[in-house]
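*Asks:* First the structure, which I've put down as structure tokens, then a few questions once you've had a look.
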Amino acid sequence: MLWVSGVFFIIIVLVFVMVFYMWRTANQDRLVIQDLYFNDFPEGFGDMRIFFISDLHRRIISDHLIEGARGKVDLVIIGGDIRESGVPIERVENNLLKLKQLGPLYFVWGNNDYEGDFHELDATLLKHGVKILDNTAVAFESQKGGEIALLGIDDITEERDRLDLALSDCGNEPFRILVSHNPSVKKQLTSEHRISLVLSGHTHGGQIRIFGYGPYQIGGIKKEGDCLYMTSNGYGTSAVPLRLEARPETHLLTLKRGKRTEMGSAVEKDY
């Protein structure tokens, strides 16, 4: 029976090593840097640099990650799930204070944000000057007159989304960015909405993928028609603090004027 005990011991060791590897992967700090080109991007803006982070859940943002993006950002967009049930509001505040070092903050609600006292979260966001895009839009105008609209919808899973209200809050801005925690917003969009870029999270890239397969597709950017759809793997984890073949990520996107929906090569930095 000694060989049975030996095999059992080897299995236990392999499981431990695998779990440790998945835990280490889940706690990586990764910044994906990429240029996106649009021929309808207003010339007067030059370049627009967006730091996008989604699905923090229980994670604390690394100081190294903040330092890696410092001075390279025009605005910060939080794509929902800044916390989940059991996460103290103090942790949310600490993460907000770190992100505020990069630039002004914009936020859309995710499904996990509604766990617990979401009124407390709402008050905390407002306390720190975060602009909440809950079925609303904001406009940016350059000194040369170019305009950009940033739209955000409330969470689709919670059936709080009203894309129609966000669109009605827009003017005639020639360039529109839509933020939706859930990427399924794509089903609601038509060419008449004139959305050039969609930013989403929610899926975690499947979080745990085996031989390339997972409950969701891996994060990335896809072109459909005249729009780019970016879905992030997210920064944190849900249910278990483990990842496999779906590394965590944050994003530094530079929007430029150029041939419509072209993408520069992505550069990944680990901190």
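Residues are referred to by chain and number: the chain letter is A, B, ... according to the order shown in the structure tokens, the number counts from 1 in that chain, and ligands are numbered separately from 1 in the order shown.
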Could you find all residues in region 34-193 of chain A that DSSP calls helix (DSSP H, G or I) from the backbone, and write them as a PDB file with N, CA, C and O atoms, in the first residue's frame?
*Replies:*
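Final output, states.pdb:
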```pdb
ATOM      1  N   GLU A  43     -10.161  66.243 -34.147  1.00  0.00           N
ATOM      2  CA  GLU A  43      -8.763  66.650 -34.265  1.00  0.00           C
ATOM      3  C   GLU A  43      -8.331  67.539 -33.107  1.00  0.00           C
ATOM      4  O   GLU A  43      -7.192  67.499 -32.667  1.00  0.00           O
ATOM      5  N   GLY A  44      -9.242  68.368 -32.615  1.00  0.00           N
ATOM      6  CA  GLY A  44      -8.886  69.333 -31.580  1.00  0.00           C
ATOM      7  C   GLY A  44      -8.461  68.714 -30.274  1.00  0.00           C
ATOM      8  O   GLY A  44      -7.861  69.383 -29.421  1.00  0.00           O
ATOM      9  N   PHE A  45      -8.737  67.424 -30.072  1.00  0.00           N
ATOM     10  CA  PHE A  45      -8.382  66.780 -28.816  1.00  0.00           C
ATOM     11  C   PHE A  45      -6.949  66.255 -28.805  1.00  0.00           C
ATOM     12  O   PHE A  45      -6.434  65.902 -27.749  1.00  0.00           O
ATOM     13  N   ASP A  63       0.142  49.967  -5.433  1.00  0.00           N
ATOM     14  CA  ASP A  63       0.810  51.258  -5.600  1.00  0.00           C
ATOM     15  C   ASP A  63       1.724  51.255  -6.820  1.00  0.00           C
ATOM     16  O   ASP A  63       1.884  52.266  -7.497  1.00  0.00           O
ATOM     17  N   HIS A  64       2.307  50.095  -7.116  1.00  0.00           N
ATOM     18  CA  HIS A  64       3.192  49.984  -8.285  1.00  0.00           C
ATOM     19  C   HIS A  64       2.404  50.218  -9.575  1.00  0.00           C
ATOM     20  O   HIS A  64       2.902  50.841 -10.516  1.00  0.00           O
ATOM     21  N   LEU A  65       1.177  49.724  -9.616  1.00  0.00           N
ATOM     22  CA  LEU A  65       0.338  49.920 -10.799  1.00  0.00           C
ATOM     23  C   LEU A  65       0.018  51.398 -10.986  1.00  0.00           C
ATOM     24  O   LEU A  65       0.071  51.926 -12.107  1.00  0.00           O
ATOM     25  N   ILE A  66      -0.304  52.077  -9.895  1.00  0.00           N
ATOM     26  CA  ILE A  66      -0.598  53.512  -9.964  1.00  0.00           C
ATOM     27  C   ILE A  66       0.626  54.279 -10.449  1.00  0.00           C
ATOM     28  O   ILE A  66       0.529  55.163 -11.314  1.00  0.00           O
ATOM     29  N   GLU A  67       1.788  53.948  -9.935  1.00  0.00           N
ATOM     30  CA  GLU A  67       3.010  54.637 -10.348  1.00  0.00           C
ATOM     31  C   GLU A  67       3.303  54.394 -11.825  1.00  0.00           C
ATOM     32  O   GLU A  67       3.807  55.276 -12.527  1.00  0.00           O
ATOM     33  N   GLY A  68       2.974  53.193 -12.305  1.00  0.00           N
ATOM     34  CA  GLY A  68       3.214  52.875 -13.705  1.00  0.00           C
ATOM     35  C   GLY A  68       2.359  53.680 -14.668  1.00  0.00           C
ATOM     36  O   GLY A  68       2.747  53.894 -15.820  1.00  0.00           O
ATOM     37  N   ALA A  69       1.183  54.142 -14.190  1.00  0.00           N
ATOM     38  CA  ALA A  69       0.268  54.910 -15.050  1.00  0.00           C
ATOM     39  C   ALA A  69       0.309  56.404 -14.760  1.00  0.00           C
ATOM     40  O   ALA A  69      -0.273  57.190 -15.516  1.00  0.00           O
ATOM     41  N   ILE A  89     -16.333  49.528   3.186  1.00  0.00           N
ATOM     42  CA  ILE A  89     -16.351  50.760   2.407  1.00  0.00           C
ATOM     43  C   ILE A  89     -14.996  51.468   2.490  1.00  0.00           C
ATOM     44  O   ILE A  89     -14.616  52.205   1.574  1.00  0.00           O
ATOM     45  N   GLU A  90     -14.247  51.228   3.569  1.00  0.00           N
ATOM     46  CA  GLU A  90     -12.920  51.837   3.699  1.00  0.00           C
ATOM     47  C   GLU A  90     -11.988  51.364   2.596  1.00  0.00           C
ATOM     48  O   GLU A  90     -11.139  52.122   2.120  1.00  0.00           O
ATOM     49  N   ARG A  91     -12.136  50.107   2.183  1.00  0.00           N
ATOM     50  CA  ARG A  91     -11.295  49.601   1.093  1.00  0.00           C
ATOM     51  C   ARG A  91     -11.650  50.296  -0.211  1.00  0.00           C
ATOM     52  O   ARG A  91     -10.770  50.623  -1.015  1.00  0.00           O
ATOM     53  N   VAL A  92     -12.934  50.520  -0.426  1.00  0.00           N
ATOM     54  CA  VAL A  92     -13.364  51.247  -1.621  1.00  0.00           C
ATOM     55  C   VAL A  92     -12.776  52.650  -1.621  1.00  0.00           C
ATOM     56  O   VAL A  92     -12.258  53.125  -2.644  1.00  0.00           O
ATOM     57  N   GLU A  93     -12.836  53.307  -0.472  1.00  0.00           N
ATOM     58  CA  GLU A  93     -12.296  54.670  -0.380  1.00  0.00           C
ATOM     59  C   GLU A  93     -10.804  54.691  -0.664  1.00  0.00           C
ATOM     60  O   GLU A  93     -10.308  55.582  -1.366  1.00  0.00           O
ATOM     61  N   ASN A  94     -10.069  53.732  -0.132  1.00  0.00           N
ATOM     62  CA  ASN A  94      -8.630  53.687  -0.373  1.00  0.00           C
ATOM     63  C   ASN A  94      -8.324  53.494  -1.857  1.00  0.00           C
ATOM     64  O   ASN A  94      -7.407  54.122  -2.408  1.00  0.00           O
ATOM     65  N   ASN A  95      -9.098  52.641  -2.513  1.00  0.00           N
ATOM     66  CA  ASN A  95      -8.904  52.439  -3.953  1.00  0.00           C
ATOM     67  C   ASN A  95      -9.245  53.694  -4.742  1.00  0.00           C
ATOM     68  O   ASN A  95      -8.559  54.040  -5.710  1.00  0.00           O
ATOM     69  N   LEU A  96     -10.291  54.392  -4.328  1.00  0.00           N
ATOM     70  CA  LEU A  96     -10.658  55.635  -5.011  1.00  0.00           C
ATOM     71  C   LEU A  96      -9.561  56.688  -4.852  1.00  0.00           C
ATOM     72  O   LEU A  96      -9.238  57.414  -5.806  1.00  0.00           O
ATOM     73  N   LEU A  97      -8.996  56.786  -3.653  1.00  0.00           N
ATOM     74  CA  LEU A  97      -7.937  57.760  -3.418  1.00  0.00           C
ATOM     75  C   LEU A  97      -6.721  57.477  -4.296  1.00  0.00           C
ATOM     76  O   LEU A  97      -6.061  58.401  -4.785  1.00  0.00           O
ATOM     77  N   LYS A  98      -6.430  56.207  -4.510  1.00  0.00           N
ATOM     78  CA  LYS A  98      -5.319  55.855  -5.391  1.00  0.00           C
ATOM     79  C   LYS A  98      -5.628  56.229  -6.836  1.00  0.00           C
ATOM     80  O   LYS A  98      -4.795  56.812  -7.535  1.00  0.00           O
ATOM     81  N   LEU A  99      -6.828  55.902  -7.293  1.00  0.00           N
ATOM     82  CA  LEU A  99      -7.190  56.187  -8.678  1.00  0.00           C
ATOM     83  C   LEU A  99      -7.270  57.686  -8.943  1.00  0.00           C
ATOM     84  O   LEU A  99      -6.964  58.143 -10.056  1.00  0.00           O
ATOM     85  N   ASN A 111     -23.167  44.576 -11.303  1.00  0.00           N
ATOM     86  CA  ASN A 111     -24.139  43.795 -10.532  1.00  0.00           C
ATOM     87  C   ASN A 111     -23.709  43.602  -9.088  1.00  0.00           C
ATOM     88  O   ASN A 111     -24.532  43.689  -8.161  1.00  0.00           O
ATOM     89  N   ASN A 112     -22.406  43.379  -8.848  1.00  0.00           N
ATOM     90  CA  ASN A 112     -21.953  43.157  -7.475  1.00  0.00           C
ATOM     91  C   ASN A 112     -21.936  44.422  -6.637  1.00  0.00           C
ATOM     92  O   ASN A 112     -21.909  44.350  -5.396  1.00  0.00           O
ATOM     93  N   ASP A 113     -21.959  45.580  -7.280  1.00  0.00           N
ATOM     94  CA  ASP A 113     -22.014  46.837  -6.532  1.00  0.00           C
ATOM     95  C   ASP A 113     -23.321  46.970  -5.751  1.00  0.00           C
ATOM     96  O   ASP A 113     -23.392  47.755  -4.802  1.00  0.00           O
ATOM     97  N   TYR A 114     -24.341  46.234  -6.165  1.00  0.00           N
ATOM     98  CA  TYR A 114     -25.634  46.314  -5.495  1.00  0.00           C
ATOM     99  C   TYR A 114     -25.761  45.350  -4.323  1.00  0.00           C
ATOM    100  O   TYR A 114     -26.796  45.311  -3.662  1.00  0.00           O
ATOM    101  N   PHE A 118     -25.913  49.612  -1.122  1.00  0.00           N
ATOM    102  CA  PHE A 118     -25.422  50.341  -2.294  1.00  0.00           C
ATOM    103  C   PHE A 118     -25.631  51.843  -2.150  1.00  0.00           C
ATOM    104  O   PHE A 118     -24.990  52.633  -2.854  1.00  0.00           O
ATOM    105  N   HIS A 119     -26.511  52.252  -1.243  1.00  0.00           N
ATOM    106  CA  HIS A 119     -26.664  53.689  -0.983  1.00  0.00           C
ATOM    107  C   HIS A 119     -25.398  54.246  -0.336  1.00  0.00           C
ATOM    108  O   HIS A 119     -24.986  55.383  -0.618  1.00  0.00           O
ATOM    109  N   GLU A 120     -24.772  53.436   0.522  1.00  0.00           N
ATOM    110  CA  GLU A 120     -23.508  53.840   1.141  1.00  0.00           C
ATOM    111  C   GLU A 120     -22.431  53.982   0.074  1.00  0.00           C
ATOM    112  O   GLU A 120     -21.631  54.927   0.111  1.00  0.00           O
ATOM    113  N   LEU A 121     -22.410  53.061  -0.872  1.00  0.00           N
ATOM    114  CA  LEU A 121     -21.437  53.146  -1.959  1.00  0.00           C
ATOM    115  C   LEU A 121     -21.681  54.383  -2.801  1.00  0.00           C
ATOM    116  O   LEU A 121     -20.740  55.098  -3.166  1.00  0.00           O
ATOM    117  N   ASP A 122     -22.934  54.649  -3.099  1.00  0.00           N
ATOM    118  CA  ASP A 122     -23.284  55.834  -3.884  1.00  0.00           C
ATOM    119  C   ASP A 122     -22.787  57.106  -3.188  1.00  0.00           C
ATOM    120  O   ASP A 122     -22.190  57.982  -3.827  1.00  0.00           O
ATOM    121  N   ALA A 123     -23.028  57.200  -1.875  1.00  0.00           N
ATOM    122  CA  ALA A 123     -22.594  58.370  -1.115  1.00  0.00           C
ATOM    123  C   ALA A 123     -21.072  58.493  -1.092  1.00  0.00           C
ATOM    124  O   ALA A 123     -20.524  59.600  -1.168  1.00  0.00           O
ATOM    125  N   THR A 124     -20.387  57.361  -1.006  1.00  0.00           N
ATOM    126  CA  THR A 124     -18.918  57.364  -0.991  1.00  0.00           C
ATOM    127  C   THR A 124     -18.353  57.850  -2.318  1.00  0.00           C
ATOM    128  O   THR A 124     -17.408  58.645  -2.359  1.00  0.00           O
ATOM    129  N   LEU A 125     -18.939  57.384  -3.405  1.00  0.00           N
ATOM    130  CA  LEU A 125     -18.498  57.827  -4.728  1.00  0.00           C
ATOM    131  C   LEU A 125     -18.676  59.336  -4.880  1.00  0.00           C
ATOM    132  O   LEU A 125     -17.772  60.045  -5.355  1.00  0.00           O
ATOM    133  N   LEU A 126     -19.820  59.844  -4.463  1.00  0.00           N
ATOM    134  CA  LEU A 126     -20.089  61.279  -4.567  1.00  0.00           C
ATOM    135  C   LEU A 126     -19.154  62.072  -3.664  1.00  0.00           C
ATOM    136  O   LEU A 126     -18.686  63.155  -4.034  1.00  0.00           O
ATOM    137  N   LYS A 127     -18.867  61.534  -2.482  1.00  0.00           N
ATOM    138  CA  LYS A 127     -17.960  62.199  -1.537  1.00  0.00           C
ATOM    139  C   LYS A 127     -16.586  62.431  -2.159  1.00  0.00           C
ATOM    140  O   LYS A 127     -15.934  63.460  -1.897  1.00  0.00           O
ATOM    141  N   LEU A 163     -30.392  52.534 -21.935  1.00  0.00           N
ATOM    142  CA  LEU A 163     -29.558  53.089 -22.987  1.00  0.00           C
ATOM    143  C   LEU A 163     -30.221  54.293 -23.637  1.00  0.00           C
ATOM    144  O   LEU A 163     -29.543  55.265 -24.003  1.00  0.00           O
ATOM    145  N   ASP A 164     -31.540  54.246 -23.742  1.00  0.00           N
ATOM    146  CA  ASP A 164     -32.260  55.349 -24.383  1.00  0.00           C
ATOM    147  C   ASP A 164     -32.070  56.655 -23.637  1.00  0.00           C
ATOM    148  O   ASP A 164     -31.928  57.727 -24.242  1.00  0.00           O
ATOM    149  N   LEU A 165     -32.015  56.583 -22.295  1.00  0.00           N
ATOM    150  CA  LEU A 165     -31.829  57.801 -21.501  1.00  0.00           C
ATOM    151  C   LEU A 165     -30.409  58.346 -21.672  1.00  0.00           C
ATOM    152  O   LEU A 165     -30.219  59.562 -21.759  1.00  0.00           O
ATOM    153  N   ALA A 166     -29.431  57.445 -21.699  1.00  0.00           N
ATOM    154  CA  ALA A 166     -28.054  57.891 -21.897  1.00  0.00           C
ATOM    155  C   ALA A 166     -27.894  58.552 -23.259  1.00  0.00           C
ATOM    156  O   ALA A 166     -27.237  59.592 -23.386  1.00  0.00           O
ATOM    157  N   LEU A 167     -28.511  57.984 -24.277  1.00  0.00           N
ATOM    158  CA  LEU A 167     -28.422  58.557 -25.627  1.00  0.00           C
ATOM    159  C   LEU A 167     -29.126  59.901 -25.702  1.00  0.00           C
ATOM    160  O   LEU A 167     -28.654  60.832 -26.360  1.00  0.00           O
ATOM    161  N   SER A 168     -30.255  60.014 -25.002  1.00  0.00           N
ATOM    162  CA  SER A 168     -30.990  61.285 -25.032  1.00  0.00           C
ATOM    163  C   SER A 168     -30.252  62.383 -24.296  1.00  0.00           C
ATOM    164  O   SER A 168     -30.522  63.571 -24.494  1.00  0.00           O
ATOM    165  N   PRO A 183     -20.924  43.405 -21.153  1.00  0.00           N
ATOM    166  CA  PRO A 183     -20.720  43.563 -22.597  1.00  0.00           C
ATOM    167  C   PRO A 183     -21.926  43.178 -23.442  1.00  0.00           C
ATOM    168  O   PRO A 183     -21.946  43.450 -24.644  1.00  0.00           O
ATOM    169  N   SER A 184     -22.945  42.571 -22.833  1.00  0.00           N
ATOM    170  CA  SER A 184     -24.136  42.205 -23.600  1.00  0.00           C
ATOM    171  C   SER A 184     -24.899  43.418 -24.109  1.00  0.00           C
ATOM    172  O   SER A 184     -25.855  43.274 -24.869  1.00  0.00           O
ATOM    173  N   VAL A 185     -24.464  44.613 -23.729  1.00  0.00           N
ATOM    174  CA  VAL A 185     -25.067  45.834 -24.268  1.00  0.00           C
ATOM    175  C   VAL A 185     -24.960  45.858 -25.788  1.00  0.00           C
ATOM    176  O   VAL A 185     -25.739  46.533 -26.471  1.00  0.00           O
ATOM    177  N   LYS A 186     -24.005  45.113 -26.328  1.00  0.00           N
ATOM    178  CA  LYS A 186     -23.821  45.070 -27.775  1.00  0.00           C
ATOM    179  C   LYS A 186     -25.113  44.695 -28.498  1.00  0.00           C
ATOM    180  O   LYS A 186     -25.372  45.151 -29.608  1.00  0.00           O
ATOM    181  N   LYS A 187     -25.939  43.870 -27.849  1.00  0.00           N
ATOM    182  CA  LYS A 187     -27.189  43.435 -28.467  1.00  0.00           C
ATOM    183  C   LYS A 187     -28.171  44.595 -28.649  1.00  0.00           C
ATOM    184  O   LYS A 187     -29.091  44.513 -29.464  1.00  0.00           O
ATOM    185  N   GLN A 188     -27.985  45.659 -27.883  1.00  0.00           N
ATOM    186  CA  GLN A 188     -28.908  46.792 -27.935  1.00  0.00           C
ATOM    187  C   GLN A 188     -28.480  47.858 -28.944  1.00  0.00           C
ATOM    188  O   GLN A 188     -29.265  48.753 -29.258  1.00  0.00           O
ATOM    189  N   SER A 191     -26.249  50.984 -35.643  1.00  0.00           N
ATOM    190  CA  SER A 191     -25.391  52.001 -36.253  1.00  0.00           C
ATOM    191  C   SER A 191     -25.938  53.402 -36.031  1.00  0.00           C
ATOM    192  O   SER A 191     -25.181  54.380 -36.004  1.00  0.00           O
ATOM    193  N   GLU A 192     -27.253  53.518 -35.836  1.00  0.00           N
ATOM    194  CA  GLU A 192     -27.863  54.821 -35.618  1.00  0.00           C
ATOM    195  C   GLU A 192     -27.431  55.457 -34.300  1.00  0.00           C
ATOM    196  O   GLU A 192     -27.518  56.670 -34.125  1.00  0.00           O
ATOM    197  N   HIS A 193     -26.962  54.644 -33.363  1.00  0.00           N
ATOM    198  CA  HIS A 193     -26.521  55.177 -32.069  1.00  0.00           C
ATOM    199  C   HIS A 193     -25.156  55.858 -32.166  1.00  0.00           C
ATOM    200  O   HIS A 193     -24.757  56.572 -31.259  1.00  0.00           O
TER     201      HIS A 193
END
```
*Asks:* Residues within 10 Å of Ile78 (chain A), please, as a PyMOL selection string. Count only C-alpha atoms; anything in the same chain fewer than 3 positions from it doesn't count.
*Replies:* chain A and resi 51-56+81-82+96+99+105-110+130+132+179+181+199-201
*Asks:* So that I can check the surroundings of Lys269 (chain A), please list as a JSON list (two decimals) with C-alpha atoms, in the first residue's frame every protein, DNA and RNA residue that reaches within 10 Å of it, counting only C-alpha atoms and ignoring chain neighbours fewer than 4 positions away.
*Replies:*
```
[["chain", "number", "residue", "atom", "x", "y", "z"],
["A", 29, "ASP", "CA", -0.73, 43.70, -11.59],
["A", 30, "ARG", "CA", -0.88, 44.04, -15.34],
["A", 31, "LEU", "CA", -1.29, 47.16, -17.44],
["A", 32, "VAL", "CA", -2.20, 46.69, -21.10],
["A", 33, "ILE", "CA", -1.19, 49.75, -23.14],
["A", 65, "LEU", "CA", 0.34, 49.92, -10.80],
["A", 68, "GLY", "CA", 3.21, 52.88, -13.71],
["A", 249, "GLU", "CA", -5.65, 43.37, -16.44],
["A", 250, "THR", "CA", -6.08, 47.12, -16.37]]
```
*Asks:* Extract, using only C-alpha atoms, all DNA, RNA and protein residues at most 12 Å from Cys227 (chain A), discarding same-chain residues fewer than 3 positions from it, and format them as a PyMOL selection string.
*Replies:* chain A and resi 36-40+175-178+186+189-199+221-224+230+260-263
*Asks:* Could you give me, as a PyMOL selection string, the residues within 8 Å of region 236-238 of chain A, counting only C-alpha atoms and dropping anything in the same chain fewer than 3 positions from it?
*Replies:* chain A and resi 26-27+55-59+204+207+241-243+248
*Asks:* Write the residues of the preceding selection, restricted to all heavy atoms, as an mmCIF file, in the first residue's frame.
*Replies:*
```cif
data_model
loop_
_atom_site.group_PDB
_atom_site.id
_atom_site.type_symbol
_atom_site.label_atom_id
_atom_site.label_comp_id
_atom_site.auth_asym_id
_atom_site.auth_seq_id
_atom_site.Cartn_x
_atom_site.Cartn_y
_atom_site.Cartn_z
ATOM 1 N N ALA A 26 -3.863 35.349 -10.088
ATOM 2 C CA ALA A 26 -4.980 36.241 -9.761
ATOM 3 C C ALA A 26 -4.518 37.540 -9.128
ATOM 4 O O ALA A 26 -5.248 38.542 -9.171
ATOM 5 C CB ALA A 26 -5.965 35.527 -8.834
ATOM 6 N N ASN A 27 -3.327 37.564 -8.548
ATOM 7 C CA ASN A 27 -2.842 38.752 -7.852
ATOM 8 C C ASN A 27 -1.794 39.529 -8.647
ATOM 9 O O ASN A 27 -1.120 40.392 -8.092
ATOM 10 C CB ASN A 27 -2.287 38.355 -6.484
ATOM 11 C CG ASN A 27 -3.387 38.028 -5.490
ATOM 12 O OD1 ASN A 27 -3.982 38.914 -4.889
ATOM 13 N ND2 ASN A 27 -3.677 36.742 -5.340
ATOM 14 N N ASP A 55 -14.094 45.507 -12.262
ATOM 15 C CA ASP A 55 -14.175 44.273 -11.463
ATOM 16 C C ASP A 55 -13.071 44.170 -10.416
ATOM 17 O O ASP A 55 -12.318 43.197 -10.382
ATOM 18 C CB ASP A 55 -14.139 43.054 -12.393
ATOM 19 C CG ASP A 55 -15.281 43.054 -13.390
ATOM 20 O OD1 ASP A 55 -16.398 42.646 -13.019
ATOM 21 O OD2 ASP A 55 -15.062 43.482 -14.535
ATOM 22 N N LEU A 56 -13.000 45.176 -9.554
ATOM 23 C CA LEU A 56 -12.022 45.114 -8.479
ATOM 24 C C LEU A 56 -12.414 44.075 -7.430
ATOM 25 O O LEU A 56 -11.553 43.421 -6.846
ATOM 26 C CB LEU A 56 -11.869 46.487 -7.804
ATOM 27 C CG LEU A 56 -11.040 47.529 -8.539
ATOM 28 C CD1 LEU A 56 -11.814 48.150 -9.682
ATOM 29 C CD2 LEU A 56 -10.586 48.622 -7.592
ATOM 30 N N HIS A 57 -13.709 44.000 -7.126
ATOM 31 C CA HIS A 57 -14.220 43.070 -6.123
ATOM 32 C C HIS A 57 -13.493 43.252 -4.793
ATOM 33 O O HIS A 57 -13.668 44.249 -4.137
ATOM 34 C CB HIS A 57 -14.151 41.635 -6.639
ATOM 35 C CG HIS A 57 -15.114 41.375 -7.752
ATOM 36 N ND1 HIS A 57 -16.430 41.055 -7.531
ATOM 37 C CD2 HIS A 57 -14.948 41.419 -9.098
ATOM 38 C CE1 HIS A 57 -17.051 40.905 -8.694
ATOM 39 N NE2 HIS A 57 -16.168 41.132 -9.664
ATOM 40 N N ARG A 58 -12.647 42.318 -4.414
ATOM 41 C CA ARG A 58 -11.980 42.386 -3.104
ATOM 42 C C ARG A 58 -10.538 42.895 -3.179
ATOM 43 O O ARG A 58 -9.873 43.022 -2.145
ATOM 44 C CB ARG A 58 -11.985 41.000 -2.441
ATOM 45 C CG ARG A 58 -13.379 40.532 -2.068
ATOM 46 C CD ARG A 58 -13.363 39.172 -1.390
ATOM 47 N NE ARG A 58 -14.677 38.867 -0.848
ATOM 48 C CZ ARG A 58 -15.109 39.235 0.358
ATOM 49 N NH1 ARG A 58 -14.300 39.911 1.158
ATOM 50 N NH2 ARG A 58 -16.320 38.935 0.767
ATOM 51 N N ARG A 59 -10.061 43.200 -4.352
ATOM 52 C CA ARG A 59 -8.645 43.551 -4.484
ATOM 53 C C ARG A 59 -8.344 44.976 -4.035
ATOM 54 O O ARG A 59 -9.191 45.871 -4.127
ATOM 55 C CB ARG A 59 -8.184 43.399 -5.933
ATOM 56 C CG ARG A 59 -7.947 41.969 -6.357
ATOM 57 C CD ARG A 59 -7.083 41.893 -7.599
ATOM 58 N NE ARG A 59 -5.676 42.208 -7.325
ATOM 59 C CZ ARG A 59 -4.715 42.135 -8.233
ATOM 60 N NH1 ARG A 59 -5.007 41.774 -9.478
ATOM 61 N NH2 ARG A 59 -3.464 42.425 -7.920
ATOM 62 N N HIS A 204 -14.654 38.588 -16.508
ATOM 63 C CA HIS A 204 -13.378 38.138 -15.944
ATOM 64 C C HIS A 204 -12.595 37.277 -16.939
ATOM 65 O O HIS A 204 -11.663 36.572 -16.547
ATOM 66 C CB HIS A 204 -13.577 37.344 -14.655
ATOM 67 C CG HIS A 204 -14.216 38.126 -13.553
ATOM 68 N ND1 HIS A 204 -14.162 37.732 -12.238
ATOM 69 C CD2 HIS A 204 -14.949 39.276 -13.554
ATOM 70 C CE1 HIS A 204 -14.827 38.596 -11.487
ATOM 71 N NE2 HIS A 204 -15.306 39.540 -12.273
ATOM 72 N N GLN A 207 -12.226 33.727 -16.034
ATOM 73 C CA GLN A 207 -11.489 33.617 -14.770
ATOM 74 C C GLN A 207 -10.684 32.323 -14.671
ATOM 75 O O GLN A 207 -9.478 32.369 -14.445
ATOM 76 C CB GLN A 207 -12.414 33.749 -13.553
ATOM 77 C CG GLN A 207 -11.651 33.858 -12.236
ATOM 78 C CD GLN A 207 -12.492 34.340 -11.083
ATOM 79 O OE1 GLN A 207 -13.243 35.314 -11.196
ATOM 80 N NE2 GLN A 207 -12.399 33.657 -9.964
ATOM 81 N N PRO A 241 -10.546 33.291 -5.195
ATOM 82 C CA PRO A 241 -9.457 34.225 -5.558
ATOM 83 C C PRO A 241 -8.406 33.565 -6.441
ATOM 84 O O PRO A 241 -7.205 33.625 -6.169
ATOM 85 C CB PRO A 241 -8.886 34.612 -4.190
ATOM 86 C CG PRO A 241 -9.079 33.382 -3.357
ATOM 87 C CD PRO A 241 -10.389 32.778 -3.823
ATOM 88 N N LEU A 242 -8.849 32.951 -7.520
ATOM 89 C CA LEU A 242 -7.968 32.185 -8.389
ATOM 90 C C LEU A 242 -8.236 32.538 -9.839
ATOM 91 O O LEU A 242 -9.367 32.858 -10.224
ATOM 92 C CB LEU A 242 -8.181 30.678 -8.194
ATOM 93 C CG LEU A 242 -8.069 30.117 -6.771
ATOM 94 C CD1 LEU A 242 -8.471 28.650 -6.755
ATOM 95 C CD2 LEU A 242 -6.658 30.298 -6.220
ATOM 96 N N ARG A 243 -7.195 32.455 -10.668
ATOM 97 C CA ARG A 243 -7.323 32.634 -12.120
ATOM 98 C C ARG A 243 -6.437 31.603 -12.828
ATOM 99 O O ARG A 243 -5.379 31.235 -12.326
ATOM 100 C CB ARG A 243 -6.886 34.044 -12.552
ATOM 101 C CG ARG A 243 -7.909 35.141 -12.295
ATOM 102 C CD ARG A 243 -7.384 36.454 -12.826
ATOM 103 N NE ARG A 243 -8.316 37.558 -12.646
ATOM 104 C CZ ARG A 243 -9.189 37.968 -13.557
ATOM 105 N NH1 ARG A 243 -9.244 37.337 -14.726
ATOM 106 N NH2 ARG A 243 -9.983 38.984 -13.323
ATOM 107 N N PRO A 248 -5.419 38.845 -14.844
ATOM 108 C CA PRO A 248 -6.051 40.132 -14.551
ATOM 109 C C PRO A 248 -5.417 41.230 -15.385
ATOM 110 O O PRO A 248 -4.258 41.113 -15.801
ATOM 111 C CB PRO A 248 -5.774 40.335 -13.057
ATOM 112 C CG PRO A 248 -4.533 39.522 -12.786
ATOM 113 C CD PRO A 248 -4.627 38.341 -13.706
#
```
*Asks:* Per DSSP on the backbone, filter region 18-48 of chain A down to the residues in strand (DSSP E or B) and report them as a list in words.
*Replies:*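 Answer for region 18-48 of chain A restricted to strand (DSSP E or B) is Arg30, Leu31, Val32, Ile33, Gln34, Asp35, Leu36, Tyr37, Phe38 and Met48 of chain A.
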*Asks:* Which neighbours of Asp161 (chain A) fall inside 10 Å, counting only C-alpha atoms, when residues of the same chain fewer than 5 positions from it are skipped, and could you give them as a PyMOL selection string?
*Replies:* chain A and resi 109+134-135+152-156+166+180+185
*Asks:* One number please: CA of Trp23 (chain A) to CA of Arg247 (chain A), in Å, one decimal.
*Replies:* 10.7 Å
*Asks:* What gap, in Å, lies between CA of Gly206 (chain A) and CA of Glu245 (chain A)?
*Replies:*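 Those two atoms sit 8.7 Å apart.
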*Asks:* For CA of Glu141 (chain A) and CA of Val73 (chain A), quote the distance in Å rounded to one decimal.
*Replies:*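 CA of Val73 (chain A) lies at a distance of 17.1 Å from CA of Glu141 (chain A).
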*Asks:* With only C-alpha atoms as the counted atoms, please give the residues lying no more than 8 Å from Phe41 (chain A), apart from itself and same-chain residues fewer than 6 positions off, as a count of residues only.
*Replies:* 6
